[in-house]
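Pasted below: start-v9.tsv, TSV, C-alpha atoms.
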```
chain	number	residue	atom	x	y	z
A	1	MET	CA	-31.59	24.46	-102.84
A	2	ALA	CA	-31.90	20.74	-102.06
A	3	ALA	CA	-29.48	19.27	-99.54
A	4	GLY	CA	-27.79	17.05	-102.09
A	5	SER	CA	-27.75	19.49	-104.98
A	6	ARG	CA	-24.34	20.85	-104.09
A	7	SER	CA	-22.64	17.44	-104.12
A	8	GLY	CA	-19.32	17.78	-105.93
A	9	LEU	CA	-19.46	21.60	-105.93
A	10	GLY	CA	-18.45	22.11	-102.34
A	11	ARG	CA	-19.87	24.38	-99.66
A	12	ARG	CA	-18.54	27.62	-98.26
A	13	VAL	CA	-18.04	27.89	-94.52
A	14	GLY	CA	-21.19	29.98	-94.01
A	15	GLU	CA	-23.29	27.50	-95.97
A	16	LEU	CA	-21.91	24.57	-94.00
A	17	ALA	CA	-22.53	26.37	-90.71
A	18	ALA	CA	-26.11	27.21	-91.69
A	19	ALA	CA	-26.79	23.65	-92.82
A	20	THR	CA	-25.43	22.02	-89.66
A	21	GLY	CA	-26.41	24.51	-86.96
A	22	LEU	CA	-22.77	24.99	-85.98
A	23	THR	CA	-21.15	28.41	-85.87
A	24	VAL	CA	-18.58	29.68	-88.34
A	25	ARG	CA	-16.34	30.23	-85.32
A	26	THR	CA	-16.55	26.53	-84.47
A	27	LEU	CA	-15.62	25.47	-88.01
A	28	HIS	CA	-12.71	27.91	-88.01
A	29	TYR	CA	-11.53	26.47	-84.69
A	30	TYR	CA	-11.78	22.91	-85.99
A	31	GLU	CA	-9.51	23.93	-88.86
A	32	GLU	CA	-7.13	25.73	-86.51
A	33	ILE	CA	-6.55	22.56	-84.48
A	34	GLY	CA	-6.43	20.35	-87.59
A	35	LEU	CA	-9.68	18.56	-86.86
A	36	LEU	CA	-11.50	19.61	-90.04
A	37	VAL	CA	-9.51	21.34	-92.76
A	38	ALA	CA	-11.46	22.52	-95.82
A	39	ALA	CA	-10.53	20.66	-98.98
A	40	GLY	CA	-9.97	23.82	-100.99
A	41	ARG	CA	-10.34	27.55	-101.40
A	42	SER	CA	-12.26	29.70	-103.82
A	43	HIS	CA	-10.55	32.30	-106.00
A	44	ALA	CA	-11.51	34.84	-103.33
A	45	GLY	CA	-9.90	32.74	-100.61
A	46	HIS	CA	-13.10	31.36	-99.06
A	47	ARG	CA	-12.99	27.88	-97.56
A	48	ILE	CA	-14.67	25.23	-99.73
A	49	TYR	CA	-15.79	22.02	-98.01
A	50	ALA	CA	-16.07	18.88	-100.13
A	51	ASP	CA	-18.37	15.88	-99.60
A	52	ALA	CA	-15.58	14.09	-97.72
A	53	ASP	CA	-15.35	17.06	-95.34
A	54	VAL	CA	-19.08	16.81	-94.60
A	55	GLU	CA	-18.63	13.11	-93.81
A	56	ARG	CA	-15.74	13.93	-91.49
A	57	LEU	CA	-17.84	16.62	-89.77
A	58	TYR	CA	-20.60	14.08	-89.20
A	59	ARG	CA	-18.05	11.81	-87.53
A	60	ILE	CA	-16.83	14.69	-85.36
A	61	CYS	CA	-20.35	15.57	-84.22
A	62	LEU	CA	-21.22	11.93	-83.58
A	63	LEU	CA	-18.12	11.39	-81.43
A	64	ARG	CA	-18.84	14.61	-79.55
A	65	ARG	CA	-22.29	13.28	-78.69
A	66	LEU	CA	-20.56	10.25	-77.21
A	67	GLY	CA	-18.60	12.58	-74.94
A	68	LEU	CA	-15.12	12.22	-76.44
A	69	PRO	CA	-12.70	15.14	-75.93
A	70	LEU	CA	-11.50	16.85	-79.11
A	71	GLY	CA	-8.04	15.29	-78.76
A	72	ASP	CA	-9.51	11.78	-78.64
A	73	ILE	CA	-11.78	12.61	-81.57
A	74	ALA	CA	-8.77	13.57	-83.68
A	75	ARG	CA	-7.19	10.19	-82.99
A	76	ALA	CA	-10.43	8.30	-83.63
A	77	LEU	CA	-10.89	10.02	-87.00
A	78	ASP	CA	-7.63	8.48	-88.22
A	79	ASP	CA	-8.76	4.93	-87.39
A	80	PRO	CA	-8.57	2.99	-90.67
A	81	ALA	CA	-11.21	0.54	-89.42
A	82	TRP	CA	-13.86	3.28	-89.23
A	83	SER	CA	-16.62	3.25	-91.85
A	84	LEU	CA	-19.43	5.73	-92.47
A	85	ARG	CA	-21.96	2.93	-93.00
A	86	GLY	CA	-21.06	1.31	-89.67
A	87	ALA	CA	-21.23	4.63	-87.80
A	88	VAL	CA	-24.61	5.54	-89.28
A	89	ALA	CA	-25.93	2.06	-88.50
A	90	THR	CA	-24.76	2.38	-84.89
A	91	HIS	CA	-26.31	5.85	-84.66
A	92	LEU	CA	-29.59	4.54	-86.05
A	93	SER	CA	-29.58	1.57	-83.67
A	94	GLU	CA	-29.05	3.83	-80.66
A	95	LEU	CA	-31.86	6.15	-81.77
A	96	GLU	CA	-34.21	3.18	-82.29
A	97	ARG	CA	-33.45	1.91	-78.80
A	98	ARG	CA	-34.36	5.30	-77.36
A	99	LEU	CA	-37.57	5.49	-79.37
A	100	GLU	CA	-38.51	1.95	-78.37
A	101	ALA	CA	-37.95	2.72	-74.69
A	102	GLY	CA	-40.03	5.89	-75.01
A	103	GLY	CA	-42.79	3.97	-76.77
A	104	ARG	CA	-42.94	1.37	-74.03
A	105	LEU	CA	-43.15	4.06	-71.38
A	106	ARG	CA	-45.93	5.81	-73.28
A	107	GLY	CA	-47.87	2.54	-73.48
A	108	ARG	CA	-47.52	1.91	-69.76
A	109	LEU	CA	-48.73	5.42	-68.95
A	110	ALA	CA	-51.71	5.07	-71.26
A	111	GLN	CA	-52.68	1.78	-69.59
A	112	LEU	CA	-52.36	3.38	-66.17
A	113	VAL	CA	-54.55	6.34	-67.12
A	114	ALA	CA	-57.21	3.95	-68.46
A	115	SER	CA	-57.21	1.83	-65.30
A	116	MET	CA	-57.14	4.59	-62.69
A	117	GLY	CA	-60.93	4.74	-62.51
A	118	SER	CA	-61.18	1.11	-61.36
A	119	ASP	CA	-60.67	-0.29	-57.91
A	120	GLY	CA	-57.54	-2.13	-56.92
A	121	PRO	CA	-53.92	-1.32	-56.15
A	122	LEU	CA	-51.74	0.27	-58.82
A	123	THR	CA	-48.46	-0.96	-57.36
A	124	ASP	CA	-47.64	-3.38	-60.17
A	125	ASP	CA	-48.39	-0.77	-62.80
A	126	LEU	CA	-46.27	1.83	-61.03
A	127	LEU	CA	-43.36	-0.59	-60.70
A	128	LYS	CA	-43.51	-1.34	-64.42
A	129	ILE	CA	-43.53	2.39	-65.20
A	130	LEU	CA	-40.56	2.95	-62.91
A	131	GLU	CA	-38.72	0.18	-64.75
A	132	GLU	CA	-39.45	1.77	-68.12
A	133	MET	CA	-38.40	5.19	-66.81
A	134	THR	CA	-35.11	3.77	-65.59
A	135	MET	CA	-34.45	2.11	-68.94
A	136	LEU	CA	-35.20	5.37	-70.75
A	137	ASP	CA	-33.04	7.41	-68.39
A	138	THR	CA	-30.05	5.12	-68.81
A	139	THR	CA	-30.14	5.59	-72.58
A	140	VAL	CA	-30.65	9.34	-72.81
A	141	GLN	CA	-29.40	10.82	-69.55
A	142	ARG	CA	-26.61	13.35	-69.95
A	143	ARG	CA	-24.79	15.65	-67.57
A	144	ILE	CA	-24.92	19.35	-68.46
A	145	SER	CA	-23.52	22.16	-66.32
A	146	ILE	CA	-25.10	25.60	-66.76
A	147	LEU	CA	-23.18	28.82	-66.06
A	148	VAL	CA	-24.77	32.28	-65.87
A	149	TYR	CA	-23.15	35.34	-67.47
A	150	ALA	CA	-24.14	38.95	-68.12
A	151	ASP	CA	-22.27	38.95	-71.46
A	152	LEU	CA	-22.55	35.49	-73.02
A	153	GLU	CA	-20.54	36.25	-76.14
A	154	ALA	CA	-17.62	37.74	-74.21
A	155	ALA	CA	-17.66	34.84	-71.74
A	156	TYR	CA	-17.75	32.32	-74.61
A	157	ASP	CA	-14.76	33.92	-76.34
A	158	TYR	CA	-12.83	34.12	-73.06
A	159	LEU	CA	-13.42	30.49	-72.12
A	160	VAL	CA	-12.27	29.30	-75.55
A	161	ARG	CA	-9.29	31.64	-75.89
A	162	VAL	CA	-7.98	31.67	-72.30
A	163	PHE	CA	-9.08	28.33	-70.83
A	164	GLY	CA	-8.95	26.31	-74.05
A	165	LEU	CA	-12.50	24.93	-73.91
A	166	GLY	CA	-13.91	23.44	-77.10
A	167	PRO	CA	-16.20	25.82	-78.99
A	168	GLY	CA	-19.78	24.83	-79.61
A	169	GLN	CA	-23.03	26.42	-80.70
A	170	LEU	CA	-24.01	30.05	-80.14
A	171	THR	CA	-27.70	30.86	-80.47
A	172	ARG	CA	-28.86	34.42	-81.17
A	173	ASP	CA	-32.28	36.04	-80.98
A	174	ASP	CA	-33.89	38.08	-83.76
A	175	GLU	CA	-31.89	41.12	-82.72
A	176	GLY	CA	-28.56	39.27	-82.92
A	177	ARG	CA	-27.99	38.95	-79.18
A	178	VAL	CA	-26.49	35.71	-77.91
A	179	VAL	CA	-29.08	33.95	-75.76
A	180	HIS	CA	-27.45	30.52	-75.42
A	181	GLY	CA	-23.96	29.09	-75.72
A	182	GLU	CA	-22.42	25.63	-75.58
A	183	LEU	CA	-18.84	24.60	-74.83
A	184	GLN	CA	-17.01	21.30	-74.60
A	185	ALA	CA	-14.96	20.57	-71.47
A	186	GLY	CA	-13.44	17.12	-71.83
A	187	ASP	CA	-16.19	14.55	-71.31
A	188	GLY	CA	-18.71	17.21	-70.24
A	189	VAL	CA	-20.79	19.93	-71.83
A	190	LEU	CA	-21.21	23.46	-70.49
A	191	TRP	CA	-24.19	25.67	-71.32
A	192	LEU	CA	-23.95	29.44	-70.97
A	193	HIS	CA	-27.16	31.10	-69.77
A	194	PRO	CA	-28.01	34.82	-69.66
A	195	GLU	CA	-28.80	36.51	-66.40
A	196	ALA	CA	-32.44	36.27	-65.32
A	197	PRO	CA	-32.90	38.21	-62.05
A	198	ALA	CA	-36.59	37.29	-61.89
A	199	PHE	CA	-35.51	33.66	-61.44
A	200	GLY	CA	-32.57	34.45	-59.18
A	201	LEU	CA	-29.96	33.85	-61.92
A	202	SER	CA	-27.04	36.29	-61.74
A	203	SER	CA	-23.43	36.15	-62.78
A	204	PRO	CA	-20.62	36.30	-60.18
A	205	ARG	CA	-19.83	39.81	-61.47
A	206	SER	CA	-23.34	41.04	-60.63
A	207	LEU	CA	-23.38	39.26	-57.27
A	208	GLY	CA	-19.87	40.32	-56.32
A	209	ALA	CA	-19.03	36.73	-55.38
A	210	ALA	CA	-18.78	33.26	-56.86
A	211	THR	CA	-21.18	30.73	-55.34
A	212	ALA	CA	-19.80	27.71	-57.19
A	213	SER	CA	-16.69	26.48	-58.98
A	214	VAL	CA	-15.97	24.47	-62.13
A	215	ALA	CA	-13.19	21.86	-61.97
A	216	VAL	CA	-11.65	20.65	-65.24
A	217	MET	CA	-9.13	17.84	-65.69
A	218	VAL	CA	-6.25	18.71	-68.04
A	219	ASP	CA	-3.23	16.82	-69.40
A	220	ASP	CA	-0.62	19.30	-68.12
A	221	VAL	CA	-1.58	21.65	-65.29
A	222	ASP	CA	1.56	23.78	-65.54
A	223	ALA	CA	1.30	24.23	-69.32
A	224	HIS	CA	-2.38	25.15	-68.98
A	225	PHE	CA	-1.49	27.62	-66.25
A	226	ARG	CA	1.17	29.29	-68.41
A	227	HIS	CA	-1.24	29.64	-71.33
A	228	ALA	CA	-4.03	31.09	-69.17
A	229	SER	CA	-1.62	33.51	-67.46
A	230	GLU	CA	-0.20	34.73	-70.77
A	231	ALA	CA	-3.75	35.17	-72.10
A	232	GLY	CA	-4.59	37.47	-69.19
A	233	ALA	CA	-6.42	35.24	-66.72
A	234	VAL	CA	-6.69	36.43	-63.12
A	235	ILE	CA	-4.94	33.69	-61.12
A	236	ASP	CA	-6.14	32.87	-57.61
A	237	TYR	CA	-3.24	30.52	-56.93
A	238	GLU	CA	-0.52	28.93	-59.04
A	239	PRO	CA	-0.10	25.16	-59.59
A	240	VAL	CA	0.36	23.29	-56.34
A	241	ASP	CA	0.21	19.65	-55.20
A	242	GLN	CA	-2.82	19.29	-52.97
A	243	PRO	CA	-3.02	16.83	-50.04
A	244	TYR	CA	-6.10	15.22	-51.61
A	245	GLY	CA	-4.03	13.89	-54.49
A	246	TYR	CA	-4.26	16.49	-57.28
A	247	ARG	CA	-1.99	19.11	-58.76
A	248	GLU	CA	-4.09	22.15	-59.54
A	249	TYR	CA	-4.34	25.88	-59.95
A	250	SER	CA	-7.29	28.23	-59.76
A	251	ALA	CA	-8.28	31.19	-61.95
A	252	ARG	CA	-11.20	33.52	-62.67
A	253	ASP	CA	-13.17	33.82	-65.88
A	254	SER	CA	-14.29	37.08	-67.52
A	255	GLU	CA	-17.00	37.72	-64.91
A	256	GLY	CA	-15.29	36.44	-61.79
A	257	GLY	CA	-16.40	32.81	-61.95
A	258	LEU	CA	-14.02	30.45	-60.16
A	259	TRP	CA	-12.33	27.66	-62.13
A	260	SER	CA	-9.84	24.99	-61.09
A	261	PHE	CA	-7.66	23.05	-63.53
A	262	MET	CA	-6.19	19.86	-62.16
A	263	LYS	CA	-4.63	16.45	-62.72
A	264	PRO	CA	-4.25	13.46	-60.36
A	265	LEU	CA	-0.79	13.11	-58.86
A	266	ASP	CA	1.20	10.08	-59.97
```

Can you dump the structure from the file as C-alpha cells?
Amino acid sequence: MAAGSRSGLGRRVGELAAATGLTVRTLHYYEEIGLLVAAGRSHAGHRIYADADVERLYRICLLRRLGLPLGDIARALDDPAWSLRGAVATHLSELERRLEAGGRLRGRLAQLVASMGSDGPLTDDLLKILEEMTMLDTTVQRRISILVYADLEAAYDYLVRVFGLGPGQLTRDDEGRVVHGELQAGDGVLWLHPEAPAFGLSSPRSLGAATASVAVMVDDVDAHFRHASEAGAVIDYEPVDQPYGYREYSARDSEGGLWSFMKPLD
C-alpha cells in the first residue's frame, strides 16, 4: 500500500511502528507520558493515529535527533510558533549542509589520489583535507555510549521501568532475538549491545564486576531514588551531598552495571 494511501483513514499502532521503524512499546510509552496520544480508537479498541498524529511524531523524532530530553520535547510541541513547513525546511537545510561537506571532502580525496604519483609535498592538500574533515565532523558528530548486556530485552525493560530512561528502537534478528537497543538519557543516547566474548565484550554479570559507570543528571535526585527503590533497584548508596558539588545516589541495573543519578547542588 502506498505511503499516502491511508491519509484520512488513520493507522493502527503496529502499522505506524512498522512504517517509522519505532517499536510499539515506544509508541505506547509516548502515549503514557502524554507525548503522542492516538486521535481515536477502533471498535475493537485499537489505537488509530490520524495524519496530525504522524506530523506530531515527525516533530518528536526531529527534536530527539537534536538531543532534547522528552520533557523539553513536550514543551516544544506546544509552541504555537512552530510550523511543519519551517521544521522540514530546517531539516532539509541541515541535511544539505552535511551532503555538501561530504562532497567537498570526497573531491579533495579524489584530487589527492590523482596527484600522489607526482613529485612534490602534499602538505597543502593534507591541510585542506583536514579542514574538510573538521567541517564534516562538526556537523555530524554525535556522542553515543554503548553498554553490553547478556539479555538485551530484559535490560531495556529494566532501564525504562526502573531508571526512567526514554524508550527507543529495539532491533531483532530473523529468530526474534533482540540484537540492538537504543535508549534516551537526557541529551545523550545509549546503545545496548549483546555480549561478544570473541571481542572481549561481556556484561558486568558475566564478569562479576562493573568496569565502568553511567552518570545521569535528573531533576530531583530524591524522587528518582524513591521510584527506583520502589521498582526494585539494588541501591549502592542513598542520596547524599558530595564534596564535589553534586547530590547523588548510586544503583545497579539488571546485570550489575553501576549507575549514578545526580544533580548539581545549589

### Message
Measuring between all atoms listed in the file, which one of A:Arg161, A:Leu35, A:Ser93, A:Leu170 shows the shortest distance to Ala17 of chain A?
### Response
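Closest to Ala17 of chain A, using all atoms listed in the file: A:Leu170.
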
### Query
Taking (-4.7, 10.1, -69.6) in the file's coordinates, which residues come within 10 Å, counting all atoms listed in the file, written as a list in words?
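Those residues lying close to the given coordinates are Met217, Val218, Asp219, Lys263 and Pro264 of chain A.
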
Please save C-alpha atoms of the selected residues as an mmCIF file, in the frame of the given file.
```
data_model
loop_
_atom_site.group_PDB
_atom_site.id
_atom_site.type_symbol
_atom_site.label_atom_id
_atom_site.label_comp_id
_atom_site.auth_asym_id
_atom_site.auth_seq_id
_atom_site.Cartn_x
_atom_site.Cartn_y
_atom_site.Cartn_z
ATOM 1 C CA MET A 217 -9.130 17.840 -65.690
ATOM 2 C CA VAL A 218 -6.250 18.710 -68.040
ATOM 3 C CA ASP A 219 -3.230 16.820 -69.400
ATOM 4 C CA LYS A 263 -4.630 16.450 -62.720
ATOM 5 C CA PRO A 264 -4.250 13.460 -60.360
#
```

### Task
Have a look at atom CA of Glu255 of chain A and atom CA of Asp236 of chain A and let me know their distance in Å, one decimal.
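Those two atoms sit 14.0 Å apart.
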
### Query
Smallest atom-to-atom distance to Val214 of chain A: which of A:Ser260, A:Ser115, A:Thr26, A:Ser42, using only C-alpha atoms?
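The answer is A:Ser260, which sits nearest to Val214 of chain A.
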
#### Entry: Exercise: Asp151 of chain A partners within 10 Å, all atoms listed in the file, chain neighbours under 6 positions left out, as a ChimeraX atom specification
/A:177-179,192-195,203,254-255

### Counting all atoms listed in the file, the residue of A:Phe163, A:Tyr158, A:Tyr237, A:Tyr58 that sits nearest Ala19 of chain A
A:Tyr58

### Message
What's around Val54 of chain A at 12 Å? Count all atoms listed in the file, leave out sequence neighbours fewer than 2 positions away in its own chain, and write the answer as number ranges by chain.
### Response
A: 3-4, 6-8, 10-13, 15-17, 19-20, 27, 36-39, 48-52, 56-61, 84

I need the residues from that last selection saved to file as a compact mmCIF listing (two decimals), keeping the file's coordinate frame (with C-alpha atoms), if you can.
```txt
# COMPACT_ATOMS: atom_id res chain seq x y z
CA ALA A 3 -29.48 19.27 -99.54
CA GLY A 4 -27.79 17.05 -102.09
CA ARG A 6 -24.34 20.85 -104.09
CA SER A 7 -22.64 17.44 -104.12
CA GLY A 8 -19.32 17.78 -105.93
CA GLY A 10 -18.45 22.11 -102.34
CA ARG A 11 -19.87 24.38 -99.66
CA ARG A 12 -18.54 27.62 -98.26
CA VAL A 13 -18.04 27.89 -94.52
CA GLU A 15 -23.29 27.50 -95.97
CA LEU A 16 -21.91 24.57 -94.00
CA ALA A 17 -22.53 26.37 -90.71
CA ALA A 19 -26.79 23.65 -92.82
CA THR A 20 -25.43 22.02 -89.66
CA LEU A 27 -15.62 25.47 -88.01
CA LEU A 36 -11.50 19.61 -90.04
CA VAL A 37 -9.51 21.34 -92.76
CA ALA A 38 -11.46 22.52 -95.82
CA ALA A 39 -10.53 20.66 -98.98
CA ILE A 48 -14.67 25.23 -99.73
CA TYR A 49 -15.79 22.02 -98.01
CA ALA A 50 -16.07 18.88 -100.13
CA ASP A 51 -18.37 15.88 -99.60
CA ALA A 52 -15.58 14.09 -97.72
CA ARG A 56 -15.74 13.93 -91.49
CA LEU A 57 -17.84 16.62 -89.77
CA TYR A 58 -20.60 14.08 -89.20
CA ARG A 59 -18.05 11.81 -87.53
CA ILE A 60 -16.83 14.69 -85.36
CA CYS A 61 -20.35 15.57 -84.22
CA LEU A 84 -19.43 5.73 -92.47
```
